[in-house]
Amino acid sequence: MDKVERLISIIMILLKKEIVSASEFAQLFNVSKRTILRDMETLSLSNIPIYAVNGVHGGYGILDEYKVDKRLLSSSDLENILTALSGLEKILISEEVEMTIKKIEAMVSPWSLKHSVRLSFYDWEGRSEILEILRSCQEAILKRRLVSFDYTDKHGNVTKRTIEPYQLHFSETSWYLNGFCLQRMGYRAFKLSRIDHLNMKGQTFSPRDGLLEQEQQASYQPELVAVKALIAPGIKDQFIERYGRKSIEFYSSELFLATIYVPQNSIGFRFLASFGTNLEVIEPGSYVQDFRKYLLEMVGKYS
């Protein structure tokens, strides 16, 4: 076990126990008491609130303020938090999540039932490539520092942007950076996979008044249209997950009728087209015509 692993283990033990002697730590890690003393000095210099207790039953402890009050959370509560964090670890910033997970693991009884629920997400290679951008954005948000970058929109146009970063947002499969754009003088959301050459500037900023209202305007959703579609039994579950069971009606021995709400634009068309021949839009007529035109343009690419 190297020093970093030993230091993390010491923190985890102290989060779980009240006082642990230097001799106990030395025996546990098979090192000298002098090494443990140096470890405690290192932790103190790292702003971990370690304190020493003198006497026969003395040793080292960690301030209660640094611990989560276990009286406020049951074992079941802790296990639920641990399950959620473990499942989300792949899409969150792993180092910080890992430390939180270790802290909570130290509070959960080893005899309790674990892993009764498992969350899995796609381990896409591209997600790891934007990890550096994620870290830079989070640092800029915490330090209230401007960031600049080249941004490519959905049409392939590249513009240089400087923004006041306020929030990182993960939606379905993608990360977004929300902030106030100094070029557009408005609140905007930027998809991280479209950001290049991100640079955190030395200039700081103060949060703007009326930011909530601008954020709501920036998150404006397109008008949704009630669409009726015949769907195959094989995709019924996907519609139930997204729209609920009330959206599905029996139509025939081979088809179900789904009533859903989607935008009448390329976003809605792409979603419906993803089901291929398992779906047929039948109402309203104007939507059918626009969707048909979209599909013909797609087929035209291969003519």
# chains A, B, ... in the order shown; residues from 1 in each chain; ligands from 1
$ residues_around --residues "Val20 of chain A" --least-positions-apart "6" --cutoff "12 Å" --atoms "only C-alpha atoms" --output "list in words"
Ile10, Ile11, Met12, Ile13, Leu14, Ala26, Gln27, Leu28, Ile36, Met40, Ile50, Tyr51, Ala52, Val53, Asn54, Val56, His57, Gly58, Gly59, Tyr60, Gly61 and Ile62 of chain A
$ write_last_selection --atoms "N, CA, C and O atoms" --output "compact mmCIF listing (two decimals), in the first residue's frame"
# COMPACT_ATOMS: atom_id res chain seq x y z
N ILE A 10 -6.73 5.96 6.30
CA ILE A 10 -6.76 6.56 7.64
C ILE A 10 -7.99 7.44 7.80
O ILE A 10 -8.69 7.39 8.81
N ILE A 11 -8.28 8.25 6.77
CA ILE A 11 -9.45 9.13 6.82
C ILE A 11 -10.72 8.29 6.94
O ILE A 11 -11.61 8.59 7.75
N MET A 12 -10.82 7.23 6.14
CA MET A 12 -12.02 6.40 6.16
C MET A 12 -12.22 5.75 7.54
O MET A 12 -13.35 5.67 8.03
N ILE A 13 -11.13 5.30 8.16
CA ILE A 13 -11.21 4.68 9.49
C ILE A 13 -11.65 5.70 10.53
O ILE A 13 -12.51 5.43 11.37
N LEU A 14 -11.08 6.91 10.47
CA LEU A 14 -11.42 7.94 11.45
C LEU A 14 -12.85 8.45 11.27
O LEU A 14 -13.47 8.93 12.22
N ALA A 26 -0.27 1.72 13.08
CA ALA A 26 1.03 1.15 12.70
C ALA A 26 0.90 -0.35 12.46
O ALA A 26 1.45 -0.89 11.49
N GLN A 27 0.19 -1.03 13.35
CA GLN A 27 0.01 -2.47 13.22
C GLN A 27 -0.85 -2.81 12.00
O GLN A 27 -0.57 -3.77 11.27
N LEU A 28 -1.89 -2.01 11.77
CA LEU A 28 -2.80 -2.26 10.65
C LEU A 28 -2.10 -2.13 9.30
O LEU A 28 -2.29 -2.95 8.39
N ILE A 36 3.28 6.88 10.99
CA ILE A 36 1.90 7.31 11.27
C ILE A 36 1.87 8.76 11.72
O ILE A 36 0.99 9.53 11.30
N MET A 40 -0.17 11.84 9.93
CA MET A 40 -1.11 12.75 10.59
C MET A 40 -0.75 14.21 10.32
O MET A 40 -1.63 15.05 10.14
N ILE A 50 -7.81 16.76 11.75
CA ILE A 50 -7.34 15.70 12.65
C ILE A 50 -6.96 16.33 14.00
O ILE A 50 -6.37 17.42 14.04
N TYR A 51 -7.31 15.66 15.10
CA TYR A 51 -6.87 16.14 16.41
C TYR A 51 -6.33 14.95 17.21
O TYR A 51 -6.67 13.79 16.95
N ALA A 52 -5.42 15.27 18.15
CA ALA A 52 -4.78 14.24 18.96
C ALA A 52 -5.36 14.24 20.37
O ALA A 52 -5.72 15.29 20.91
N VAL A 53 -5.47 13.04 20.96
CA VAL A 53 -5.94 12.87 22.33
C VAL A 53 -4.82 12.20 23.13
O VAL A 53 -4.35 11.12 22.74
N ASN A 54 -4.37 12.84 24.20
CA ASN A 54 -3.29 12.29 25.01
C ASN A 54 -3.82 11.32 26.06
O ASN A 54 -5.01 11.30 26.35
N VAL A 56 -3.61 7.29 28.24
CA VAL A 56 -3.56 5.85 28.02
C VAL A 56 -4.47 5.42 26.86
O VAL A 56 -4.13 4.57 26.05
N HIS A 57 -5.65 6.01 26.80
CA HIS A 57 -6.61 5.66 25.76
C HIS A 57 -6.63 6.72 24.65
O HIS A 57 -7.64 6.93 23.99
N GLY A 58 -5.48 7.37 24.50
CA GLY A 58 -5.39 8.43 23.50
C GLY A 58 -5.18 7.91 22.09
O GLY A 58 -5.12 6.70 21.84
N GLY A 59 -5.07 8.84 21.18
CA GLY A 59 -4.87 8.50 19.78
C GLY A 59 -5.27 9.67 18.90
O GLY A 59 -5.07 10.83 19.28
N TYR A 60 -5.84 9.36 17.77
CA TYR A 60 -6.22 10.40 16.81
C TYR A 60 -7.70 10.28 16.46
O TYR A 60 -8.27 9.18 16.39
N GLY A 61 -8.30 11.44 16.25
CA GLY A 61 -9.70 11.49 15.83
C GLY A 61 -9.89 12.54 14.76
O GLY A 61 -8.95 13.26 14.40
N ILE A 62 -11.09 12.62 14.24
CA ILE A 62 -11.41 13.63 13.22
C ILE A 62 -12.62 14.40 13.74
O ILE A 62 -13.54 13.81 14.32
$ closest_residue --among "A:Arg242, A:Lys236, A:Lys228, A:Lys201" --to "Glu280 of chain A" --atoms "only C-alpha atoms"
A:Lys228
$ select_by_dssp --residues "segment 140-196 of chain A" --states "strand (DSSP E)" --output "count of residues only"
38
$ closest_residue --among "A:Arg270, A:Lys293, A:His197, A:Arg34" --to "Glu132 of chain A" --atoms "only C-alpha atoms"
A:His197
$ atom_distance --atom1 "atom CA of Gly210 of chain A" --atom2 "atom CA of Gln138 of chain A"
22.2 Å
$ residues_around --residues "Glu164 of chain A" --least-positions-apart "4" --cutoff "7 Å" --atoms "only C-alpha atoms" --output "list in words"
Arg145, Leu146, Val147, Gly179, Phe180, Cys181 and Phe205 of chain A
$ atom_distance --atom1 "atom CA of Cys137 of chain A" --atom2 "atom CA of Leu177 of chain A"
7.6 Å
$ residues_around --residues "segment 6-9 of chain A" --least-positions-apart "3" --cutoff "8 Å" --atoms "only C-alpha atoms" --output "list of chain:residue names"
A:Met1, A:Asp2, A:Lys3, A:Met12, A:Ile13, A:Phe29, A:Asp39, A:Leu43
$ residues_around --residues "Asn199 of chain A" --least-positions-apart "4" --cutoff "12 Å" --atoms "only C-alpha atoms" --output "PyMOL selection string"
chain A and resi 132-133+135-137+139-140+145-150+160-163+165+195+203
$ select_by_dssp --residues "segment 170-242 of chain A" --states "alpha helix (DSSP H)" --output "list in words"
Leu211, Leu212, Glu213, Gln214, Glu215, Gln216, Gln217, Ala218, Lys236, Asp237, Gln238, Phe239, Ile240, Glu241 and Arg242 of chain A
$ write_last_selection --atoms "C-alpha atoms" --output "PDB file, in the first residue's frame"
ATOM      1  CA  LEU A 211     -30.057  35.463 -13.985  1.00  0.00           C
ATOM      2  CA  LEU A 212     -32.879  33.037 -13.131  1.00  0.00           C
ATOM      3  CA  GLU A 213     -35.235  34.723 -15.591  1.00  0.00           C
ATOM      4  CA  GLN A 214     -32.612  34.600 -18.339  1.00  0.00           C
ATOM      5  CA  GLU A 215     -31.912  30.949 -17.547  1.00  0.00           C
ATOM      6  CA  GLN A 216     -35.608  30.112 -17.965  1.00  0.00           C
ATOM      7  CA  GLN A 217     -35.703  31.931 -21.302  1.00  0.00           C
ATOM      8  CA  ALA A 218     -32.585  30.090 -22.486  1.00  0.00           C
ATOM      9  CA  LYS A 236     -44.020  -0.618 -26.563  1.00  0.00           C
ATOM     10  CA  ASP A 237     -41.797  -0.653 -23.464  1.00  0.00           C
ATOM     11  CA  GLN A 238     -39.756   2.322 -24.719  1.00  0.00           C
ATOM     12  CA  PHE A 239     -42.910   4.429 -25.059  1.00  0.00           C
ATOM     13  CA  ILE A 240     -44.141   3.363 -21.635  1.00  0.00           C
ATOM     14  CA  GLU A 241     -40.797   4.415 -20.077  1.00  0.00           C
ATOM     15  CA  ARG A 242     -40.866   7.839 -21.729  1.00  0.00           C
TER      16      ARG A 242
END
$ residues_around --residues "Ile282 of chain A" --least-positions-apart "3" --cutoff "8 Å" --atoms "only C-alpha atoms" --output "PDB file with all heavy atoms, in the first residue's frame"
ATOM      1  N   VAL A 227     -49.122  13.716 -31.295  1.00  0.00           N
ATOM      2  CA  VAL A 227     -48.971  12.841 -32.458  1.00  0.00           C
ATOM      3  C   VAL A 227     -49.499  11.449 -32.124  1.00  0.00           C
ATOM      4  O   VAL A 227     -49.222  10.918 -31.042  1.00  0.00           O
ATOM      5  CB  VAL A 227     -47.493  12.751 -32.876  1.00  0.00           C
ATOM      6  CG1 VAL A 227     -47.280  11.665 -33.925  1.00  0.00           C
ATOM      7  CG2 VAL A 227     -47.011  14.100 -33.406  1.00  0.00           C
ATOM      8  N   LYS A 228     -50.247  10.870 -33.046  1.00  0.00           N
ATOM      9  CA  LYS A 228     -50.698   9.489 -32.908  1.00  0.00           C
ATOM     10  C   LYS A 228     -49.883   8.616 -33.856  1.00  0.00           C
ATOM     11  O   LYS A 228     -49.708   8.961 -35.032  1.00  0.00           O
ATOM     12  CB  LYS A 228     -52.197   9.366 -33.217  1.00  0.00           C
ATOM     13  CG  LYS A 228     -53.092  10.041 -32.177  1.00  0.00           C
ATOM     14  CD  LYS A 228     -54.557   9.776 -32.452  1.00  0.00           C
ATOM     15  CE  LYS A 228     -55.453  10.436 -31.418  1.00  0.00           C
ATOM     16  NZ  LYS A 228     -55.266   9.865 -30.065  1.00  0.00           N
ATOM     17  N   ALA A 229     -49.399   7.502 -33.324  1.00  0.00           N
ATOM     18  CA  ALA A 229     -48.562   6.614 -34.133  1.00  0.00           C
ATOM     19  C   ALA A 229     -48.885   5.168 -33.813  1.00  0.00           C
ATOM     20  O   ALA A 229     -49.183   4.814 -32.661  1.00  0.00           O
ATOM     21  CB  ALA A 229     -47.086   6.888 -33.867  1.00  0.00           C
ATOM     22  N   LEU A 230     -48.857   4.325 -34.840  1.00  0.00           N
ATOM     23  CA  LEU A 230     -49.011   2.883 -34.656  1.00  0.00           C
ATOM     24  C   LEU A 230     -47.624   2.299 -34.393  1.00  0.00           C
ATOM     25  O   LEU A 230     -46.679   2.578 -35.146  1.00  0.00           O
ATOM     26  CB  LEU A 230     -49.632   2.249 -35.901  1.00  0.00           C
ATOM     27  CG  LEU A 230     -51.038   2.734 -36.274  1.00  0.00           C
ATOM     28  CD1 LEU A 230     -51.507   2.064 -37.564  1.00  0.00           C
ATOM     29  CD2 LEU A 230     -52.018   2.463 -35.147  1.00  0.00           C
ATOM     30  N   GLY A 285     -52.379  15.196 -39.950  1.00  0.00           N
ATOM     31  CA  GLY A 285     -51.936  15.134 -41.340  1.00  0.00           C
ATOM     32  C   GLY A 285     -50.746  16.016 -41.644  1.00  0.00           C
ATOM     33  O   GLY A 285     -49.845  15.627 -42.400  1.00  0.00           O
ATOM     34  N   VAL A 288     -47.641  14.332 -40.517  1.00  0.00           N
ATOM     35  CA  VAL A 288     -47.299  13.214 -41.407  1.00  0.00           C
ATOM     36  C   VAL A 288     -46.585  13.735 -42.648  1.00  0.00           C
ATOM     37  O   VAL A 288     -45.581  13.164 -43.091  1.00  0.00           O
ATOM     38  CB  VAL A 288     -48.572  12.434 -41.802  1.00  0.00           C
ATOM     39  CG1 VAL A 288     -48.243  11.368 -42.846  1.00  0.00           C
ATOM     40  CG2 VAL A 288     -49.208  11.790 -40.579  1.00  0.00           C
TER      41      VAL A 288
END
$ residues_around --residues "Leu272 of chain A" --least-positions-apart "5" --cutoff "12 Å" --atoms "only C-alpha atoms" --output "ChimeraX atom specification"
/A:227-231,235,238-239,258,260-267,277-281,287-288,291-292,294-295
$ write_last_selection --atoms "N, CA, C and O atoms" --output "tab-separated table (two decimals), in the first residue's frame"
chain	number	residue	atom	x	y	z
A	227	VAL	N	-49.12	13.72	-31.29
A	227	VAL	CA	-48.97	12.84	-32.46
A	227	VAL	C	-49.50	11.45	-32.12
A	227	VAL	O	-49.22	10.92	-31.04
A	228	LYS	N	-50.25	10.87	-33.05
A	228	LYS	CA	-50.70	9.49	-32.91
A	228	LYS	C	-49.88	8.62	-33.86
A	228	LYS	O	-49.71	8.96	-35.03
A	229	ALA	N	-49.40	7.50	-33.32
A	229	ALA	CA	-48.56	6.61	-34.13
A	229	ALA	C	-48.89	5.17	-33.81
A	229	ALA	O	-49.18	4.81	-32.66
A	230	LEU	N	-48.86	4.32	-34.84
A	230	LEU	CA	-49.01	2.88	-34.66
A	230	LEU	C	-47.62	2.30	-34.39
A	230	LEU	O	-46.68	2.58	-35.15
A	231	ILE	N	-47.51	1.53	-33.33
A	231	ILE	CA	-46.20	0.99	-32.96
A	231	ILE	C	-46.27	-0.53	-32.79
A	231	ILE	O	-47.31	-1.09	-32.43
A	235	ILE	N	-41.48	-2.29	-29.37
A	235	ILE	CA	-41.01	-0.99	-28.87
A	235	ILE	C	-41.98	-0.37	-27.87
A	235	ILE	O	-41.81	0.77	-27.44
A	238	GLN	N	-40.48	1.05	-24.62
A	238	GLN	CA	-39.76	2.32	-24.72
A	238	GLN	C	-40.72	3.51	-24.61
A	238	GLN	O	-40.36	4.54	-24.03
A	239	PHE	N	-41.92	3.36	-25.15
A	239	PHE	CA	-42.91	4.43	-25.06
A	239	PHE	C	-43.50	4.51	-23.66
A	239	PHE	O	-43.80	5.59	-23.17
A	258	ALA	N	-50.10	4.71	-30.02
A	258	ALA	CA	-49.43	5.57	-29.04
A	258	ALA	C	-49.78	7.03	-29.31
A	258	ALA	O	-49.74	7.48	-30.46
A	260	ILE	N	-48.41	10.61	-28.27
A	260	ILE	CA	-47.23	11.21	-27.65
A	260	ILE	C	-47.12	12.67	-28.06
A	260	ILE	O	-47.79	13.13	-28.99
A	261	TYR	N	-46.24	13.39	-27.37
A	261	TYR	CA	-46.03	14.81	-27.65
A	261	TYR	C	-44.58	15.03	-28.06
A	261	TYR	O	-43.66	14.76	-27.29
A	262	VAL	N	-44.40	15.48	-29.31
A	262	VAL	CA	-43.06	15.70	-29.86
A	262	VAL	C	-43.05	17.01	-30.65
A	262	VAL	O	-44.08	17.44	-31.16
A	263	PRO	N	-41.88	17.66	-30.78
A	263	PRO	CA	-41.81	18.89	-31.57
A	263	PRO	C	-41.93	18.58	-33.07
A	263	PRO	O	-41.50	17.51	-33.53
A	264	GLN	N	-42.50	19.51	-33.81
A	264	GLN	CA	-42.64	19.34	-35.27
A	264	GLN	C	-41.43	19.99	-35.95
A	264	GLN	O	-41.54	20.96	-36.68
A	265	ASN	N	-40.29	19.38	-35.68
A	265	ASN	CA	-39.03	19.84	-36.28
A	265	ASN	C	-38.08	18.65	-36.37
A	265	ASN	O	-38.46	17.51	-36.07
A	266	SER	N	-36.84	18.92	-36.76
A	266	SER	CA	-35.88	17.84	-36.98
A	266	SER	C	-35.61	17.03	-35.72
A	266	SER	O	-35.32	15.83	-35.80
A	267	ILE	N	-35.73	17.66	-34.55
A	267	ILE	CA	-35.51	16.92	-33.30
A	267	ILE	C	-36.57	15.84	-33.13
A	267	ILE	O	-36.26	14.68	-32.83
A	277	THR	N	-39.06	0.85	-39.05
A	277	THR	CA	-40.33	0.32	-39.53
A	277	THR	C	-41.24	-0.15	-38.40
A	277	THR	O	-42.35	-0.65	-38.67
A	278	ASN	N	-40.82	0.01	-37.16
A	278	ASN	CA	-41.67	-0.36	-36.02
A	278	ASN	C	-42.67	0.72	-35.66
A	278	ASN	O	-43.43	0.55	-34.70
A	279	LEU	N	-42.66	1.84	-36.40
A	279	LEU	CA	-43.54	2.96	-36.08
A	279	LEU	C	-44.08	3.59	-37.35
A	279	LEU	O	-43.37	3.71	-38.35
A	280	GLU	N	-45.37	3.98	-37.30
A	280	GLU	CA	-46.00	4.71	-38.42
A	280	GLU	C	-46.84	5.85	-37.85
A	280	GLU	O	-47.80	5.62	-37.11
A	281	VAL	N	-46.48	7.08	-38.18
A	281	VAL	CA	-47.24	8.24	-37.74
A	281	VAL	C	-48.50	8.35	-38.60
A	281	VAL	O	-48.42	8.31	-39.83
A	287	TYR	N	-48.35	16.88	-39.69
A	287	TYR	CA	-47.13	16.28	-39.14
A	287	TYR	C	-46.68	15.13	-40.05
A	287	TYR	O	-45.48	14.98	-40.31
A	288	VAL	N	-47.64	14.33	-40.52
A	288	VAL	CA	-47.30	13.21	-41.41
A	288	VAL	C	-46.58	13.74	-42.65
A	288	VAL	O	-45.58	13.16	-43.09
A	291	PHE	N	-43.04	14.94	-41.74
A	291	PHE	CA	-42.21	13.78	-41.40
A	291	PHE	C	-41.84	13.00	-42.66
A	291	PHE	O	-40.71	12.55	-42.83
A	292	ARG	N	-42.80	12.85	-43.56
A	292	ARG	CA	-42.54	12.16	-44.84
A	292	ARG	C	-41.48	12.90	-45.65
A	292	ARG	O	-40.57	12.28	-46.22
A	294	TYR	N	-39.12	14.76	-44.45
A	294	TYR	CA	-37.83	14.53	-43.77
A	294	TYR	C	-37.26	13.17	-44.16
A	294	TYR	O	-36.06	13.04	-44.46
A	295	LEU	N	-38.10	12.14	-44.18
A	295	LEU	CA	-37.65	10.79	-44.52
A	295	LEU	C	-37.19	10.71	-45.98
A	295	LEU	O	-36.20	10.03	-46.29
$ atom_distance --atom1 "atom CA of Leu134 of chain A" --atom2 "atom CA of Ser46 of chain A"
24.0 Å
